[in-house]
>>> print(open('start.txt').read())   # compact mmCIF, C-alpha atoms
# COMPACT_ATOMS: atom_id res chain seq x y z
CA MET A 1 0.00 0.00 0.00
CA THR A 2 1.46 3.30 -1.09
CA THR A 3 0.73 6.71 0.25
CA SER A 4 1.03 9.74 -2.00
CA LEU A 5 1.85 13.04 -0.45
CA THR A 6 1.04 16.16 -2.41
CA ALA A 7 2.71 19.45 -1.60
CA PRO A 8 0.53 22.50 -1.16
CA ALA A 9 0.12 24.62 -4.23
CA GLY A 10 1.46 27.73 -2.52
CA PRO A 11 1.96 29.40 0.82
CA ILE A 12 -1.03 29.39 3.11
CA ALA A 13 -2.37 32.91 3.52
CA PRO A 14 -2.83 34.06 7.10
CA PRO A 15 -6.41 34.51 8.23
CA ARG A 16 -7.77 37.90 7.32
CA ILE A 17 -8.64 39.97 10.32
CA PRO A 18 -11.65 42.15 9.63
CA THR A 19 -10.95 45.82 10.19
CA LYS A 20 -13.35 47.81 12.29
CA ARG A 21 -15.02 50.71 10.54
CA PRO A 22 -14.76 53.96 12.46
CA ILE A 23 -18.22 54.79 13.72
CA GLY A 24 -17.61 58.47 14.42
CA PRO A 25 -16.39 59.49 10.95
CA LEU A 26 -19.15 57.43 9.30
CA ILE A 27 -21.82 59.16 11.37
CA ALA A 28 -20.25 62.56 10.61
CA ALA A 29 -20.05 61.80 6.89
CA GLY A 30 -23.66 60.59 6.86
CA PHE A 31 -24.79 63.74 8.64
CA LEU A 32 -22.93 65.94 6.15
CA ALA A 33 -24.48 64.03 3.26
CA LEU A 34 -27.93 64.75 4.72
CA VAL A 35 -27.08 68.43 5.10
CA VAL A 36 -25.93 68.67 1.48
CA LEU A 37 -29.05 66.81 0.31
CA ALA A 38 -31.26 69.12 2.37
CA ALA A 39 -29.56 72.18 0.86
CA VAL A 40 -30.03 70.88 -2.67
CA CYS A 41 -33.67 69.96 -2.05
CA ALA A 42 -34.50 73.07 -0.01
CA PRO A 43 -37.29 74.22 -2.38
CA LEU A 44 -38.96 70.83 -1.93
CA LEU A 45 -38.41 70.45 1.81
CA ALA A 46 -38.99 73.99 3.07
CA PRO A 47 -42.62 74.47 4.20
CA TYR A 48 -42.49 78.23 3.51
CA ALA A 49 -40.52 80.70 1.43
CA PRO A 50 -37.44 81.81 3.41
CA ASP A 51 -38.33 85.51 3.06
CA ARG A 52 -42.04 85.11 3.92
CA ILE A 53 -42.89 87.58 6.70
CA ASP A 54 -45.86 86.99 8.99
CA LEU A 55 -45.88 89.40 11.92
CA SER A 56 -48.85 87.60 13.45
CA SER A 57 -46.58 84.58 13.95
CA SER A 58 -43.69 86.50 15.48
CA LEU A 59 -41.51 84.40 17.84
CA VAL A 60 -43.84 81.41 17.73
CA GLY A 61 -42.44 78.29 19.34
CA THR A 62 -42.22 74.83 17.86
CA GLY A 63 -45.43 73.31 16.59
CA ARG A 64 -47.19 71.79 13.60
CA ALA A 65 -47.22 75.02 11.62
CA HIS A 66 -43.56 75.81 12.38
CA LEU A 67 -41.47 72.80 13.38
CA LEU A 68 -38.54 74.91 14.59
CA GLY A 69 -40.46 78.06 15.43
CA THR A 70 -40.22 81.52 13.90
CA ASP A 71 -38.08 84.63 14.28
CA ALA A 72 -39.13 88.17 15.21
CA SER A 73 -40.48 88.79 11.69
CA GLY A 74 -42.52 85.59 11.70
CA GLN A 75 -40.20 83.87 9.20
CA ASP A 76 -40.10 80.10 9.50
CA LEU A 77 -36.75 79.03 10.97
CA LEU A 78 -36.74 75.60 9.33
CA SER A 79 -37.17 77.13 5.88
CA ARG A 80 -34.47 79.73 6.52
CA VAL A 81 -32.00 77.12 7.81
CA LEU A 82 -32.59 74.89 4.78
CA TYR A 83 -32.04 77.73 2.32
CA GLY A 84 -29.19 79.14 4.40
CA ALA A 85 -27.31 75.85 4.08
CA ARG A 86 -26.69 76.71 0.43
CA THR A 87 -24.76 79.89 1.17
CA SER A 88 -23.13 78.44 4.25
CA LEU A 89 -21.72 75.47 2.29
CA ILE A 90 -20.98 76.98 -1.13
CA ALA A 91 -19.15 80.06 0.16
CA PRO A 92 -16.47 78.08 2.09
CA LEU A 93 -16.01 75.87 -0.98
CA LEU A 94 -15.32 78.91 -3.18
CA LEU A 95 -13.08 80.38 -0.49
CA LEU A 96 -10.93 77.26 -0.28
CA ALA A 97 -10.80 76.93 -4.07
CA LEU A 98 -9.35 80.44 -4.33
CA ALA A 99 -6.96 79.87 -1.43
CA ALA A 100 -5.85 76.53 -2.90
CA VAL A 101 -5.03 78.03 -6.31
CA ILE A 102 -2.89 80.73 -4.71
CA GLY A 103 -1.42 78.61 -1.93
CA VAL A 104 -0.55 75.54 -4.00
CA THR A 105 1.08 77.71 -6.66
CA LEU A 106 3.19 79.65 -4.15
CA GLY A 107 4.11 76.56 -2.13
CA THR A 108 5.12 74.56 -5.20
CA VAL A 109 7.24 77.41 -6.59
CA ALA A 110 8.94 77.90 -3.23
CA ALA A 111 9.73 74.19 -2.86
CA TRP A 112 10.93 73.84 -6.46
CA ARG A 113 12.94 77.03 -6.81
CA GLY A 114 14.28 77.34 -3.26
CA GLY A 115 16.60 80.25 -2.56
CA TRP A 116 15.00 83.71 -2.52
CA ALA A 117 11.58 82.37 -3.52
CA ASP A 118 11.51 80.03 -0.52
CA THR A 119 12.79 82.78 1.78
CA LEU A 120 10.18 85.26 0.54
CA LEU A 121 7.33 82.78 1.11
CA SER A 122 8.60 82.04 4.61
CA ARG A 123 8.71 85.74 5.48
CA VAL A 124 5.23 86.38 4.08
CA THR A 125 3.71 83.48 6.00
CA ASP A 126 5.48 84.60 9.19
CA VAL A 127 3.98 88.08 8.80
CA MET A 128 0.52 86.63 8.13
CA TYR A 129 0.71 84.41 11.21
CA ALA A 130 1.81 87.38 13.35
CA PHE A 131 -1.04 89.52 11.99
CA PRO A 132 -4.53 88.46 13.20
CA GLY A 133 -6.36 86.92 10.27
CA LEU A 134 -9.74 88.38 11.20
CA LEU A 135 -8.27 91.89 11.44
CA PHE A 136 -6.70 91.47 7.99
CA VAL A 137 -10.08 90.45 6.57
CA VAL A 138 -11.86 93.36 8.28
CA LEU A 139 -9.34 95.80 6.80
CA ILE A 140 -10.01 94.48 3.30
CA ILE A 141 -13.76 94.68 3.85
CA ALA A 142 -13.39 98.25 5.15
CA VAL A 143 -11.71 99.22 1.87
CA PHE A 144 -13.88 97.30 -0.62
CA GLY A 145 -17.18 97.14 1.28
CA ALA A 146 -19.15 94.43 3.08
CA GLY A 147 -20.71 91.49 1.29
CA ILE A 148 -20.31 87.79 0.71
CA THR A 149 -18.09 88.28 -2.36
CA THR A 150 -15.63 90.51 -0.50
CA SER A 151 -15.65 88.13 2.47
CA VAL A 152 -14.83 85.14 0.28
CA LEU A 153 -12.01 87.00 -1.48
CA ALA A 154 -10.58 88.36 1.77
CA LEU A 155 -10.66 85.04 3.58
CA GLY A 156 -9.26 83.31 0.50
CA LEU A 157 -6.23 85.58 0.72
CA ALA A 158 -6.01 84.96 4.48
CA PHE A 159 -6.09 81.16 4.07
CA ALA A 160 -3.63 81.10 1.14
CA PRO A 161 -0.39 81.41 3.21
CA THR A 162 -1.42 78.48 5.42
CA ILE A 163 -2.05 76.28 2.39
CA ALA A 164 1.17 77.53 0.77
CA LYS A 165 3.22 76.55 3.80
CA TYR A 166 1.65 73.09 3.94
CA THR A 167 2.12 72.61 0.18
CA ARG A 168 5.78 73.60 0.48
CA SER A 169 6.41 70.98 3.17
CA VAL A 170 4.86 68.10 1.21
CA ALA A 171 6.34 69.33 -2.09
CA LEU A 172 9.86 69.29 -0.63
CA ALA A 173 9.44 65.63 0.32
CA GLU A 174 7.98 64.78 -3.10
CA ARG A 175 10.71 66.66 -4.94
CA ALA A 176 13.38 64.49 -3.32
CA LYS A 177 11.97 61.30 -4.88
CA PRO A 178 13.92 59.60 -7.69
CA TYR A 179 11.31 60.05 -10.41
CA ILE A 180 11.87 63.84 -10.36
CA ASP A 181 15.56 63.35 -11.26
CA ALA A 182 14.55 60.84 -13.92
CA TYR A 183 12.34 63.40 -15.65
CA ARG A 184 15.11 65.98 -15.40
CA VAL A 185 17.58 63.62 -17.06
CA GLN A 186 15.09 63.20 -19.90
CA GLY A 187 15.29 66.95 -20.47
CA MET A 188 11.83 67.84 -19.13
CA GLY A 189 11.53 71.42 -17.87
CA GLY A 190 10.76 72.30 -14.28
CA ALA A 191 7.38 73.89 -15.01
CA ARG A 192 6.26 70.81 -16.93
CA ILE A 193 7.44 68.44 -14.20
CA CYS A 194 5.56 70.44 -11.55
CA ALA A 195 2.36 70.75 -13.57
CA ARG A 196 2.17 67.19 -14.90
CA HIS A 197 3.76 65.12 -12.14
CA LEU A 198 4.67 66.92 -8.90
CA VAL A 199 1.38 68.75 -8.17
CA PRO A 200 -0.88 65.81 -9.18
CA ASN A 201 1.07 63.56 -6.80
CA LEU A 202 0.40 66.06 -4.02
CA GLY A 203 -3.33 65.98 -4.73
CA ARG A 204 -4.30 63.47 -2.05
CA ALA A 205 -2.43 65.21 0.75
CA ILE A 206 -3.68 68.67 -0.23
CA ALA A 207 -7.26 67.47 -0.65
CA GLY A 208 -7.22 65.96 2.84
CA TYR A 209 -5.85 69.18 4.28
CA LEU A 210 -8.56 71.24 2.55
CA VAL A 211 -11.27 69.00 4.00
CA VAL A 212 -9.92 69.73 7.47
CA LEU A 213 -9.89 73.48 6.72
CA PHE A 214 -13.51 73.48 5.48
CA GLY A 215 -14.98 73.67 8.97
CA GLU A 216 -12.70 76.56 9.88
CA ALA A 217 -13.64 78.38 6.67
CA LEU A 218 -17.35 77.91 7.38
CA MET A 219 -16.93 79.22 10.92
CA SER A 220 -14.93 82.23 9.71
CA LEU A 221 -17.59 83.21 7.17
CA ALA A 222 -20.34 82.77 9.76
CA THR A 223 -18.39 85.00 12.13
CA LEU A 224 -18.10 87.74 9.51
CA SER A 225 -21.83 87.53 8.78
CA TYR A 226 -22.56 87.69 12.51
CA LEU A 227 -20.43 90.84 12.80
CA GLY A 228 -22.24 92.40 9.85
CA PHE A 229 -19.32 92.23 7.39
CA GLY A 230 -20.42 89.18 5.42
CA THR A 231 -23.77 88.24 3.97
CA GLN A 232 -26.32 91.04 4.19
CA PRO A 233 -30.10 90.88 4.83
CA PRO A 234 -32.46 89.44 3.68
CA SER A 235 -30.14 86.45 3.21
CA SER A 236 -30.70 83.30 5.28
CA ASP A 237 -27.01 82.75 6.00
CA TRP A 238 -26.59 80.95 9.32
CA GLY A 239 -24.21 83.50 10.82
CA LEU A 240 -26.53 86.36 9.89
CA MET A 241 -29.49 84.47 11.36
CA VAL A 242 -27.66 84.19 14.70
CA GLN A 243 -27.05 87.94 14.69
CA GLU A 244 -30.66 88.70 13.83
CA GLY A 245 -31.99 86.32 16.47
CA GLN A 246 -29.81 87.68 19.25
CA ALA A 247 -32.28 90.45 20.12
CA ALA A 248 -35.04 87.89 20.69
CA VAL A 249 -33.00 86.22 23.46
CA VAL A 250 -33.79 89.19 25.73
CA GLN A 251 -37.48 88.44 25.21
CA GLY A 252 -36.96 84.81 26.23
CA ALA A 253 -37.09 83.41 22.66
CA LEU A 254 -33.98 81.26 22.23
CA LEU A 255 -34.85 79.46 18.99
CA PRO A 256 -34.08 82.27 16.48
CA ALA A 257 -30.44 82.33 17.61
CA MET A 258 -30.07 78.75 18.81
CA VAL A 259 -31.32 76.95 15.67
CA PRO A 260 -28.81 78.47 13.21
CA GLY A 261 -26.10 78.44 15.89
CA CYS A 262 -26.57 74.71 16.43
CA ALA A 263 -26.53 74.19 12.65
CA VAL A 264 -23.15 75.92 12.39
CA ALA A 265 -21.72 74.01 15.36
CA ALA A 266 -22.97 70.62 14.15
CA VAL A 267 -21.64 71.05 10.60
CA VAL A 268 -18.25 72.34 11.79
CA VAL A 269 -17.82 69.45 14.25
CA ALA A 270 -18.90 66.93 11.59
CA PHE A 271 -16.41 68.34 9.09
CA ASN A 272 -13.62 68.21 11.68
CA VAL A 273 -14.37 64.59 12.58
CA ALA A 274 -14.79 63.40 9.00
CA GLY A 275 -12.02 65.67 7.72
CA VAL A 276 -9.31 64.37 10.04
CA TRP A 277 -10.23 60.78 9.19
CA ALA A 278 -10.28 61.54 5.45
CA ALA A 279 -6.94 63.36 5.67
CA ASP A 280 -5.34 60.37 7.41
CA ARG A 281 -6.73 57.97 4.80
CA LEU A 282 -5.65 60.11 1.84
CA SER A 283 -2.17 60.63 3.29
CA ALA A 284 -1.78 56.89 3.90
CA LYS A 285 -2.77 56.09 0.30
CA GLY A 286 -0.50 58.81 -1.03
>>> encode(input="start.txt", output="structure tokens")
Amino acid sequence: MTTSLTAPAGPIAPPRIPTKRPIGPLIAAGFLALVVLAAVCAPLLAPYAPDRIDLSSSLVGTGRAHLLGTDASGQDLLSRVLYGARTSLIAPLLLLALAAVIGVTLGTVAAWRGGWADTLLSRVTDVMYAFPGLLFVVLIIAVFGAGITTSVLALGLAFAPTIAKYTRSVALAERAKPYIDAYRVQGMGGARICARHLVPNLGRAIAGYLVVLFGEALMSLATLSYLGFGTQPPSSDWGLMVQEGQAAVVQGALLPAMVPGCAVAAVVVAFNVAGVWAADRLSAKG
């Protein structure tokens, strides 16, 4: 009687350990998805027009007619918050897009050129960090006038040095990789290498950093609107709604200020939680 022994076809793979999904970032991302969906579908979800004034319903509490109550002018708070989500989400996106174009360009040039260009960027960022960002924005608004457009442009300039400094740090590490020297040996120019290879390879890290900055940008714009420098009436911007509802607190009506204030706080916290997780994931893949 013979016994045949057959060798295994290949190495036995170790058992795969299931990875736990982070609950916090998933909840935050789901909440943000609902907020974006509510902003897009605001005309369908809002029970009233955001600018509908009904003085007979001034400072009405929660109920069937007004789920989140009304403000001093009788405007429905739920409708205003839903419409206000559009401005409160789109404006930070435009702000960061402007800041990213300026910051990534400056940071990449500083990392690639070095020398005086790198020194100049370092001095500019040092001055910006020493100068209060909000005061810089207020000075620009004082010159060009209040409004959402001026606020976005001013904050875009204020955020640009921070993005430039971060871009410089990751671009220096990327520039030291062998493929950069390989393209140089092939005779490819520096501008072409940066545009076609260096900057695209920085995309994941920069995108993760911008996600983290989104909450700060939203809070900064809401602060400007609260101070009267940003969005102007009759807009339903969340920061402006908090400012308008502040007078009602003296009369014992907390909802006009609390509802938009809670909306700002919840979205900022959700972006911070989901943003840090997304930045870690994008950096790890990069």
>>> atom_distance(input="start.txt", atom1="CA of Gln75 (chain A)", atom2="CA of Val269 (chain A)")
27.1 Å
>>> residues_around(input="start.txt", residues="Leu218 (chain A)", least_positions_apart="6", cutoff="12 Å", atoms="all atoms listed in the file", output="PyMOL selection string")
chain A and resi 85-96+151-152+155-156+211-212+224-225+230+237-239+263-272
>>> residues_around(input="start.txt", residues="region 165-179 of chain A", least_positions_apart="3", cutoff="12 Å", atoms="all atoms listed in the file", output="ChimeraX atom specification")
/A:99-114,117-126,128-129,159-162,182-186,188,190,193-194,197-210,213,283,286
>>> atom_distance(input="start.txt", atom1="CA of Tyr226 (chain A)", atom2="CA of Val242 (chain A)")
6.6 Å
>>> residues_around(input="start.txt", residues="Pro50 (chain A)", least_positions_apart="2", cutoff="10 Å", atoms="only C-alpha atoms", output="list in words")
Ala42, Pro43, Ala46, Pro47, Tyr48, Arg52, Ile53, Gln75, Asp76, Leu77, Leu78, Ser79, Arg80, Val81, Leu82, Tyr83, Gly84, Pro234, Ser235 and Ser236 of chain A
>>> atom_distance(input="start.txt", atom1="CA of Leu255 (chain A)", atom2="CA of Leu227 (chain A)")
19.4 Å
>>> closest_residue(input="start.txt", among="A:Ala253, A:Ile180, A:Ala146, A:Cys262", to="Arg196 (chain A)", atoms="only C-alpha atoms")
A:Ile180
>>> closest_atom_pairs(input="start.txt", of="region 210-272 of chain A", to="region 55-71 of chain A", cutoff="12 Å", atoms="only C-alpha atoms", output="CSV")
residue,atom,partner,partner_atom,distance
A:Ser236,CA,A:Asp71,CA,11.7
A:Met241,CA,A:Asp71,CA,9.1
A:Val242,CA,A:Asp71,CA,10.4
A:Gln243,CA,A:Asp71,CA,11.5
A:Glu244,CA,A:Asp71,CA,8.5
A:Gly245,CA,A:Asp71,CA,6.7
A:Gln246,CA,A:Asp71,CA,10.1
A:Ala247,CA,A:Asp71,CA,10.1
A:Ala248,CA,A:Asp71,CA,7.8
A:Val249,CA,A:Leu59,CA,10.4
A:Gln251,CA,A:Leu59,CA,9.3
A:Gly252,CA,A:Leu59,CA,9.6
A:Ala253,CA,A:Leu59,CA,6.6
A:Leu254,CA,A:Leu59,CA,9.3
A:Leu255,CA,A:Gly69,CA,6.8
A:Pro256,CA,A:Asp71,CA,5.1
A:Ala257,CA,A:Asp71,CA,8.6
A:Met258,CA,A:Leu68,CA,10.2
A:Val259,CA,A:Leu68,CA,7.6
A:Pro260,CA,A:Leu68,CA,10.5
>>> write_last_selection(input="start.txt", atoms="C-alpha atoms", output="PDB file, in the frame of the given file")
ATOM      1  CA  SER A 236     -30.700  83.300   5.280  1.00  0.00           C
ATOM      2  CA  MET A 241     -29.490  84.470  11.360  1.00  0.00           C
ATOM      3  CA  VAL A 242     -27.660  84.190  14.700  1.00  0.00           C
ATOM      4  CA  GLN A 243     -27.050  87.940  14.690  1.00  0.00           C
ATOM      5  CA  GLU A 244     -30.660  88.700  13.830  1.00  0.00           C
ATOM      6  CA  GLY A 245     -31.990  86.320  16.470  1.00  0.00           C
ATOM      7  CA  GLN A 246     -29.810  87.680  19.250  1.00  0.00           C
ATOM      8  CA  ALA A 247     -32.280  90.450  20.120  1.00  0.00           C
ATOM      9  CA  ALA A 248     -35.040  87.890  20.690  1.00  0.00           C
ATOM     10  CA  VAL A 249     -33.000  86.220  23.460  1.00  0.00           C
ATOM     11  CA  GLN A 251     -37.480  88.440  25.210  1.00  0.00           C
ATOM     12  CA  GLY A 252     -36.960  84.810  26.230  1.00  0.00           C
ATOM     13  CA  ALA A 253     -37.090  83.410  22.660  1.00  0.00           C
ATOM     14  CA  LEU A 254     -33.980  81.260  22.230  1.00  0.00           C
ATOM     15  CA  LEU A 255     -34.850  79.460  18.990  1.00  0.00           C
ATOM     16  CA  PRO A 256     -34.080  82.270  16.480  1.00  0.00           C
ATOM     17  CA  ALA A 257     -30.440  82.330  17.610  1.00  0.00           C
ATOM     18  CA  MET A 258     -30.070  78.750  18.810  1.00  0.00           C
ATOM     19  CA  VAL A 259     -31.320  76.950  15.670  1.00  0.00           C
ATOM     20  CA  PRO A 260     -28.810  78.470  13.210  1.00  0.00           C
TER      21      PRO A 260
END
>>> closest_residue(input="start.txt", among="A:Leu221, A:Glu216, A:Ala195, A:Phe144", to="Gly275 (chain A)", atoms="all atoms listed in the file")
A:Glu216
>>> closest_residue(input="start.txt", among="A:Leu240, A:Ala279, A:Ile141, A:Leu157", to="Ala222 (chain A)", atoms="all atoms listed in the file")
A:Leu240
>>> axis_aligned_box(input="start.txt", around="region 143-152 of chain A", padding_each_side="3 Å", output="lines of an AutoDock Vina configuration file")
center_x = -16.2
center_y = 92.2
center_z = 0.4
size_x = 15.0
size_y = 20.1
size_z = 11.4
>>> closest_residue(input="start.txt", among="A:Ala158, A:Phe214, A:Gly228, A:Ala39", to="Ala142 (chain A)", atoms="all atoms listed in the file")
A:Gly228
